[in-house]
$ cat work-v9.txt   # compact mmCIF, C-alpha atoms and all ligand atoms
# COMPACT_ATOMS: atom_id res chain seq x y z
CA MET L 1 34.55 63.27 -78.22
CA THR L 2 37.30 61.10 -76.77
CA ASN L 3 40.63 61.11 -78.54
CA ILE L 4 44.13 60.09 -77.55
CA TYR L 5 44.94 63.56 -76.20
CA ASN L 6 42.01 63.97 -73.82
CA PHE L 7 41.76 60.25 -72.91
CA GLU L 8 41.84 59.70 -69.13
CA ASP L 9 45.04 57.67 -68.80
CA PHE L 10 44.79 54.50 -66.72
CA ASN L 11 48.34 54.74 -65.36
CA SER L 12 47.94 51.31 -63.81
CA PHE L 13 48.15 47.61 -64.60
CA ASP L 14 45.12 46.87 -62.38
CA PHE L 15 43.02 45.85 -65.36
CA PHE L 16 45.46 43.13 -66.40
CA LEU L 17 45.83 39.62 -65.04
CA THR L 18 49.40 38.54 -64.33
CA ILE L 19 49.21 35.92 -67.06
CA GLU L 20 48.09 38.59 -69.53
CA LEU L 21 51.06 40.75 -68.63
CA ILE L 22 53.41 37.81 -69.17
CA PHE L 23 51.93 37.13 -72.60
CA ILE L 24 52.02 40.82 -73.51
CA SER L 25 55.70 41.01 -72.48
CA LEU L 26 56.58 37.97 -74.58
CA PHE L 27 54.67 39.41 -77.51
CA LEU L 28 56.53 42.73 -77.18
CA LEU L 29 59.91 40.98 -77.05
CA ALA L 30 59.02 39.00 -80.15
CA LEU L 31 57.95 42.20 -81.88
CA GLY L 32 61.27 43.83 -80.97
CA SER L 33 63.13 40.85 -82.35
CA PHE L 34 61.02 40.91 -85.51
CA SER L 35 61.73 44.62 -86.01
CA SER L 36 65.51 43.97 -85.86
CA SER L 37 65.13 41.22 -88.39
CA LEU L 38 63.07 43.46 -90.70
CA ILE L 39 65.63 46.27 -90.40
CA TYR L 40 68.30 43.82 -91.45
CA ARG L 41 66.29 42.28 -94.27
CA LEU L 42 65.04 45.59 -95.70
CA SER L 43 68.51 47.18 -95.65
CA PRO L 44 70.11 47.72 -99.08
CA ASN L 45 72.96 45.30 -98.17
CA PHE L 46 70.66 42.32 -97.75
CA TYR L 47 70.54 41.47 -101.48
CA LYS L 48 74.22 40.42 -101.24
CA PHE L 49 73.18 37.29 -99.34
CA LYS L 50 70.89 36.25 -102.20
CA LYS L 51 68.21 35.21 -99.71
CA ASN L 52 64.48 35.80 -99.86
CA ILE L 53 63.34 38.62 -97.55
CA PHE L 54 60.23 36.73 -96.43
CA THR L 55 60.97 33.04 -96.57
CA SER L 56 64.62 32.63 -95.62
CA ARG L 57 65.43 31.60 -92.07
CA SER L 58 67.38 33.91 -89.75
CA PHE L 59 71.12 33.42 -90.06
CA CYS L 60 74.44 34.70 -88.76
CA PRO L 61 75.69 37.41 -91.14
CA LYS L 62 79.33 36.30 -90.64
CA CYS L 63 79.28 32.50 -91.07
CA LYS L 64 75.85 32.29 -92.77
CA SER L 65 74.76 29.39 -90.56
CA ASN L 66 71.02 29.26 -89.85
CA LEU L 67 69.91 30.07 -86.31
CA SER L 68 68.23 27.31 -84.32
CA PRO L 69 64.81 27.96 -82.72
CA LEU L 70 66.55 28.35 -79.35
CA GLU L 71 68.83 31.05 -80.74
CA LEU L 72 65.77 33.01 -81.83
CA ILE L 73 64.41 33.53 -78.32
CA PRO L 74 64.68 37.25 -77.56
CA ILE L 75 67.04 38.50 -74.81
CA VAL L 76 67.58 34.99 -73.35
CA SER L 77 69.53 33.73 -76.36
CA TYR L 78 71.66 36.87 -76.38
CA LEU L 79 72.54 36.57 -72.69
CA PHE L 80 73.11 32.78 -72.67
CA GLN L 81 75.36 32.86 -75.72
CA PHE L 82 77.33 35.74 -74.20
CA ALA L 83 76.53 37.87 -77.26
CA LYS L 84 78.37 35.48 -79.59
CA CYS L 85 77.31 33.32 -82.56
CA ARG L 86 77.22 29.65 -81.56
CA SER L 87 78.92 28.50 -84.76
CA CYS L 88 81.64 31.05 -85.50
CA LYS L 89 81.84 32.90 -82.16
CA SER L 90 81.62 36.27 -83.89
CA LYS L 91 80.04 39.00 -81.81
CA ILE L 92 76.27 39.59 -82.07
CA SER L 93 75.48 43.28 -82.25
CA PHE L 94 74.26 44.79 -78.98
CA TYR L 95 71.63 46.49 -81.09
CA TYR L 96 69.45 43.35 -81.21
CA PHE L 97 69.37 43.12 -77.44
CA PHE L 98 68.72 46.85 -77.12
CA ASN L 99 65.84 46.71 -79.62
CA GLU L 100 64.08 43.90 -77.74
CA CYS L 101 64.40 45.72 -74.39
CA LEU L 102 63.27 48.99 -75.95
CA PHE L 103 60.13 47.33 -77.32
CA LEU L 104 59.37 45.75 -73.99
CA PHE L 105 59.63 49.05 -72.09
CA VAL L 106 57.81 51.20 -74.62
CA GLY L 107 55.08 48.57 -75.07
CA LEU L 108 54.52 48.14 -71.32
CA TRP L 109 54.38 51.91 -70.91
CA VAL L 110 51.73 52.07 -73.65
CA PHE L 111 49.57 49.37 -71.99
CA PHE L 112 50.14 50.99 -68.58
CA THR L 113 48.89 54.31 -69.96
CA PHE L 114 46.15 53.30 -72.39
CA GLY L 115 45.12 49.89 -71.05
CA LYS L 116 43.32 47.39 -73.26
CA THR L 117 42.14 49.92 -75.82
CA ILE L 118 42.52 50.46 -79.54
CA TYR L 119 44.92 53.30 -78.66
CA SER L 120 47.48 50.83 -77.36
CA LEU L 121 47.39 48.74 -80.53
CA ILE L 122 47.64 51.79 -82.77
CA ILE L 123 50.55 53.36 -80.85
CA ILE L 124 52.48 50.09 -80.82
CA SER L 125 51.91 49.58 -84.57
CA ILE L 126 53.11 53.11 -85.28
CA PHE L 127 56.12 52.69 -83.00
CA PHE L 128 57.04 49.43 -84.73
CA ILE L 129 57.14 51.13 -88.13
CA TYR L 130 58.78 54.27 -86.75
CA LEU L 131 61.69 52.35 -85.28
CA ILE L 132 62.45 50.48 -88.51
CA LEU L 133 62.19 53.67 -90.58
CA ILE L 134 64.39 55.71 -88.20
CA VAL L 135 67.20 53.14 -88.32
CA LEU L 136 67.01 52.50 -92.07
CA ASP L 137 66.94 56.21 -92.87
CA TYR L 138 69.72 57.04 -90.42
CA LYS L 139 72.00 54.27 -91.67
CA TYR L 140 71.15 54.05 -95.37
CA PHE L 141 68.94 57.08 -96.23
CA TYR L 142 66.35 54.54 -97.23
CA LEU L 143 62.62 54.68 -96.46
CA PRO L 144 60.86 51.57 -97.85
CA PHE L 145 57.62 52.35 -99.65
CA SER L 146 55.81 49.46 -97.95
CA LEU L 147 56.42 50.93 -94.48
CA ASN L 148 55.62 54.51 -95.51
CA ILE L 149 52.34 53.46 -97.05
CA SER L 150 51.50 51.43 -93.93
CA LEU L 151 51.76 54.64 -91.90
CA VAL L 152 49.37 56.37 -94.31
CA PHE L 153 46.96 53.46 -93.92
CA ILE L 154 47.18 53.51 -90.09
CA GLY L 155 46.50 57.27 -90.15
CA PHE L 156 43.33 56.93 -92.21
CA PHE L 157 42.14 53.84 -90.34
CA SER L 158 42.64 55.19 -86.81
CA ASN L 159 41.16 58.61 -87.50
CA TYR L 160 38.25 57.57 -89.67
CA PHE L 161 37.03 54.75 -87.42
CA TYR L 162 38.19 55.83 -83.95
CA PHE L 163 38.99 59.59 -84.15
CA VAL L 164 42.25 58.68 -82.41
CA PHE L 165 44.29 61.79 -83.21
CA ILE L 166 41.47 64.18 -84.08
CA ASP L 167 41.30 67.03 -81.64
CA ASN L 168 37.81 68.30 -80.74
CA ASN L 169 38.74 71.72 -82.13
CA TYR L 170 38.99 70.17 -85.56
CA PHE L 171 35.27 69.44 -85.59
CA LEU L 172 34.58 73.15 -85.14
CA ILE L 173 35.95 73.64 -88.65
CA PHE L 174 35.28 70.35 -90.48
CA ASP L 175 32.72 67.67 -89.82
CA ASN L 176 34.23 64.71 -91.66
CA PRO L 177 37.02 62.69 -89.95
CA LEU L 178 38.16 61.39 -93.33
CA MET L 179 39.12 64.91 -94.36
CA PHE L 180 41.45 65.19 -91.35
CA SER L 181 43.68 62.44 -92.70
CA LEU L 182 43.19 63.35 -96.34
CA TYR L 183 44.16 67.01 -95.93
CA GLY L 184 47.04 65.94 -93.73
CA PHE L 185 48.34 63.51 -96.34
CA ILE L 186 47.97 65.87 -99.29
CA LEU L 187 49.49 68.83 -97.47
CA GLY L 188 52.40 66.74 -96.18
CA TYR L 189 53.20 65.09 -99.47
CA PHE L 190 52.94 68.13 -101.70
CA SER L 191 54.62 70.64 -99.40
CA LEU L 192 57.86 68.61 -99.40
CA TRP L 193 57.45 67.87 -103.10
CA LEU L 194 57.19 71.61 -103.76
CA ILE L 195 60.27 72.42 -101.64
CA ASN L 196 62.20 69.78 -103.60
CA TYR L 197 60.86 71.10 -106.91
CA ILE L 198 62.15 74.60 -106.16
CA TYR L 199 65.46 73.16 -104.93
CA LYS L 200 65.78 71.18 -108.15
CA ILE L 201 65.27 74.28 -110.30
CA LEU L 202 67.97 76.11 -108.33
CA TYR L 203 70.56 73.33 -107.87
CA LYS L 204 69.72 70.87 -110.67
CA ASN L 205 69.46 67.83 -108.38
CA ASP L 206 67.09 66.43 -105.75
CA GLY L 207 67.43 67.91 -102.28
CA ILE L 208 64.92 65.59 -100.63
CA GLY L 209 64.37 61.86 -101.27
CA GLY L 210 61.04 60.69 -102.68
CA GLY L 211 60.45 58.47 -99.62
CA ASP L 212 60.36 61.60 -97.45
CA PHE L 213 57.31 62.94 -99.33
CA ILE L 214 55.24 59.84 -98.56
CA LEU L 215 56.53 59.68 -94.99
CA TYR L 216 55.58 63.31 -94.34
CA GLY L 217 52.21 62.64 -95.97
CA GLY L 218 51.83 59.62 -93.66
CA LEU L 219 52.55 61.77 -90.60
CA GLY L 220 49.95 64.22 -91.90
CA SER L 221 47.39 61.46 -92.23
CA ILE L 222 48.02 60.45 -88.59
CA PHE L 223 48.42 63.80 -86.84
CA GLY L 224 46.39 65.94 -89.24
CA PRO L 225 47.16 68.98 -91.39
CA PHE L 226 47.75 71.38 -88.49
CA SER L 227 50.56 69.33 -87.00
CA LEU L 228 52.79 69.44 -90.05
CA SER L 229 54.46 72.83 -89.68
CA ILE L 230 55.44 72.08 -86.07
CA ILE L 231 56.74 68.61 -86.95
CA LEU L 232 58.82 70.11 -89.75
CA LEU L 233 60.16 72.80 -87.43
CA PHE L 234 61.31 70.17 -84.91
CA ALA L 235 62.79 68.08 -87.73
CA ALA L 236 64.68 71.08 -89.11
CA ILE L 237 66.16 71.90 -85.68
CA LEU L 238 67.17 68.28 -85.20
CA GLY L 239 68.59 68.14 -88.73
CA CYS L 240 70.75 71.22 -88.03
CA VAL L 241 72.08 69.66 -84.83
CA LEU L 242 72.94 66.43 -86.72
CA TYR L 243 74.60 68.42 -89.48
CA PHE L 244 76.95 70.16 -87.07
CA LEU L 245 77.65 66.96 -85.15
CA LYS L 246 78.72 65.08 -88.30
CA LYS L 247 82.48 65.15 -88.41
CA ASP L 248 82.85 63.83 -91.93
CA SER L 249 82.16 66.89 -94.08
CA SER L 250 82.17 64.85 -97.32
CA SER L 251 78.89 63.09 -96.46
CA LYS L 252 76.81 65.76 -94.83
CA HIS L 253 73.51 64.20 -95.80
CA ILE L 254 70.78 64.56 -93.23
CA PRO L 255 68.36 61.67 -92.60
CA LEU L 256 65.30 63.91 -92.94
CA GLY L 257 62.92 60.96 -92.48
CA SER L 258 64.36 60.08 -89.06
CA CYS L 259 64.19 63.75 -88.04
CA LEU L 260 60.55 64.03 -89.16
CA ILE L 261 59.60 60.93 -87.16
CA ILE L 262 61.29 62.20 -84.00
CA GLY L 263 59.63 65.57 -84.64
CA SER L 264 56.24 63.85 -84.72
CA ILE L 265 56.98 62.02 -81.45
CA LEU L 266 57.85 65.35 -79.79
CA TYR L 267 54.67 66.86 -81.22
CA PHE L 268 52.62 64.01 -79.77
CA PHE L 269 54.03 64.40 -76.26
CA ILE L 270 53.74 68.17 -76.28
CA LYS L 271 50.11 67.96 -77.34
CA LYS L 272 49.28 65.09 -75.01
CA ASN L 273 50.72 66.97 -72.03
CA GLU L 274 49.30 70.33 -73.13
CA LEU L 275 52.75 71.90 -72.96
CA LEU L 276 52.22 74.50 -75.65
CA GLU L 277 48.47 74.87 -75.28
CA ASN L 278 48.56 78.63 -75.95
CA ILE L 279 50.50 78.23 -79.17
CA LEU L 280 49.03 75.02 -80.55
CA VAL L 281 45.47 76.13 -81.13
CA ILE L 282 44.56 72.97 -83.04
ZN ZN T 301 78.26 32.90 -87.07
$ encode --input "work-v9.txt" --output "structure tokens" --more "lines below"
Ligand SMILES: [Zn+2]
Amino acid sequence: MTNIYNFEDFNSFDFFLTIELIFISLFLLALGSFSSSLIYRLSPNFYKFKKNIFTSRSFCPKCKSNLSPLELIPIVSYLFQFAKCRSCKSKISFYYFFNECLFLFVGLWVFFTFGKTIYSLIIISIFFIYLILIVLDYKYFYLPFSLNISLVFIGFFSNYFYFVFIDNNYFLIFDNPLMFSLYGFILGYFSLWLINYIYKILYKNDGIGGGDFILYGGLGSIFGPFSLSIILLFAAILGCVLYFLKKDSSSKHIPLGSCLIIGSILYFFIKKNELLENILVI
């Protein structure tokens, strides 16, 4: 059965018309811009502005003036305004520009590799959520429930209907694709919950945030139950590196969610490129 790991990559844009590529690029830039705006609006500081997350127009955080439609055009507006707000001339973070470019490159790579398939749409959706979660967790240790649960939903949807991440070996053991995501979710959620439970008995406070349980469950629902130990291993290594790199010893919190997500990306590439084929049986 075809899945994302054994899929014969296109590695070409031959199947796209030029006009399609232009529209896809514009769409990706808009998505990048939208992700920056969501990161900003979902951050814990946003409530200070007393604006509605969904309905308020985009505005400059310094002078609070609303952005005109022209100022909302990705990349172009940043370059033509020389990275400054038109009203108050305060500097616009380079991050917005970076995010739009990142989306464009990652998105084009996805279409280049997987062509016009469901795989492309699923990978881009996952990447969109990943990016927002990584930044929010890294900056604020905050993993919004709405995004975590979207990952769980994407996992179930892609595996149940399209077997996207289900390796053929899995069907030697189980015959139902729904179980792949379900076992993955349950194992992910409860393993972290259990670690936290033991930690709480020993140290009398939470060691892991509740958002991490659902996130890890979501990764399980996408990549399946057998991926979880490897993802956690990568996350732990990354977490240790971050811990030692942090200079400020008073706030040595580790953004476990960000580490788990990067761990899952590493897992995906290792499996896709069969790098640890002898070790990763399933
Ligand atoms: Zn301004």
$ residues_near_ligand --input "work-v9.txt" --ligand "ligand ZN 301 (chain T)" --cutoff "12 Å" --atoms "all atoms listed in the file" --output "list in words"
Ser58, Phe59, Cys60, Pro61, Lys62, Cys63, Lys64, Ser65, Asn66, Leu67, Ser68, Glu71, Gln81, Ala83, Lys84, Cys85, Arg86, Ser87, Cys88, Lys89, Ser90, Lys91, Ile92 and Ser93 of chain L
$ atom_distance --input "work-v9.txt" --atom1 "atom CA of L:Lys116" --atom2 "atom CA of L:Phe10"
9.8 Å
$ residues_around --input "work-v9.txt" --residues "L:Thr2" --least-positions-apart "2" --cutoff "8 Å" --atoms "all atoms listed in the file" --output "PyMOL selection string"
chain L and resi 4+6-7+163-164
$ atom_distance --input "work-v9.txt" --atom1 "atom CA of L:Leu219" --atom2 "atom CA of L:Leu136"
17.2 Å
$ residues_around --input "work-v9.txt" --residues "L:Leu238" --least-positions-apart "6" --cutoff "9 Å" --atoms "all atoms listed in the file" --output "list of chain:residue names"
L:Cys259, L:Leu260, L:Ile262, L:Gly263
$ build_atoms --input "work-v9.txt" --residues "stretch 125-152 of chain L" --atoms "N, CA and C atoms" --output "short mmCIF file (atom, residue, chain, number, x, y, z; two decimals), in the coordinates of the input"
data_model
loop_
_atom_site.label_atom_id
_atom_site.label_comp_id
_atom_site.auth_asym_id
_atom_site.auth_seq_id
_atom_site.Cartn_x
_atom_site.Cartn_y
_atom_site.Cartn_z
N SER L 125 51.70 49.77 -83.12
CA SER L 125 51.91 49.58 -84.57
C SER L 125 52.74 50.72 -85.15
N ILE L 126 52.37 51.96 -84.75
CA ILE L 126 53.11 53.11 -85.28
C ILE L 126 54.56 53.06 -84.81
N PHE L 127 54.77 52.73 -83.54
CA PHE L 127 56.12 52.69 -83.00
C PHE L 127 56.97 51.64 -83.72
N PHE L 128 56.35 50.51 -84.01
CA PHE L 128 57.04 49.43 -84.73
C PHE L 128 57.58 49.93 -86.08
N ILE L 129 56.72 50.62 -86.82
CA ILE L 129 57.14 51.13 -88.13
C ILE L 129 58.14 52.27 -87.97
N TYR L 130 57.88 53.14 -87.00
CA TYR L 130 58.78 54.27 -86.75
C TYR L 130 60.22 53.79 -86.53
N LEU L 131 60.35 52.80 -85.67
CA LEU L 131 61.69 52.35 -85.28
C LEU L 131 62.46 51.83 -86.49
N ILE L 132 61.78 51.04 -87.32
CA ILE L 132 62.45 50.48 -88.51
C ILE L 132 62.84 51.63 -89.46
N LEU L 133 61.92 52.57 -89.65
CA LEU L 133 62.19 53.67 -90.58
C LEU L 133 63.34 54.56 -90.06
N ILE L 134 63.33 54.84 -88.76
CA ILE L 134 64.39 55.71 -88.20
C ILE L 134 65.76 55.08 -88.46
N VAL L 135 65.89 53.79 -88.17
CA VAL L 135 67.20 53.14 -88.32
C VAL L 135 67.61 53.06 -89.78
N LEU L 136 66.67 52.64 -90.64
CA LEU L 136 67.01 52.50 -92.07
C LEU L 136 67.37 53.85 -92.69
N ASP L 137 66.65 54.89 -92.30
CA ASP L 137 66.94 56.21 -92.87
C ASP L 137 68.26 56.74 -92.33
N TYR L 138 68.49 56.52 -91.04
CA TYR L 138 69.72 57.04 -90.42
C TYR L 138 70.95 56.35 -91.01
N LYS L 139 70.83 55.02 -91.20
CA LYS L 139 72.00 54.27 -91.67
C LYS L 139 72.17 54.29 -93.19
N TYR L 140 71.04 54.22 -93.91
CA TYR L 140 71.15 54.05 -95.37
C TYR L 140 70.40 55.11 -96.18
N PHE L 141 69.78 56.09 -95.55
CA PHE L 141 68.94 57.08 -96.23
C PHE L 141 67.89 56.37 -97.08
N TYR L 142 67.30 55.36 -96.48
CA TYR L 142 66.35 54.54 -97.23
C TYR L 142 65.05 54.42 -96.44
N LEU L 143 63.94 54.79 -97.09
CA LEU L 143 62.62 54.68 -96.46
C LEU L 143 61.76 53.78 -97.34
N PRO L 144 61.61 52.49 -96.99
CA PRO L 144 60.86 51.57 -97.85
C PRO L 144 59.41 52.02 -98.06
N PHE L 145 58.98 51.93 -99.30
CA PHE L 145 57.62 52.35 -99.65
C PHE L 145 56.57 51.59 -98.84
N SER L 146 56.80 50.28 -98.65
CA SER L 146 55.81 49.46 -97.95
C SER L 146 55.54 49.98 -96.54
N LEU L 147 56.59 50.43 -95.86
CA LEU L 147 56.42 50.93 -94.48
C LEU L 147 55.77 52.31 -94.48
N ASN L 148 56.22 53.16 -95.42
CA ASN L 148 55.62 54.51 -95.51
C ASN L 148 54.12 54.42 -95.76
N ILE L 149 53.75 53.54 -96.68
CA ILE L 149 52.34 53.46 -97.05
C ILE L 149 51.53 52.83 -95.90
N SER L 150 52.19 51.98 -95.10
CA SER L 150 51.50 51.43 -93.93
C SER L 150 51.15 52.54 -92.94
N LEU L 151 52.06 53.51 -92.80
CA LEU L 151 51.76 54.64 -91.90
C LEU L 151 50.55 55.42 -92.41
N VAL L 152 50.51 55.64 -93.72
CA VAL L 152 49.37 56.37 -94.31
C VAL L 152 48.07 55.60 -93.99
#
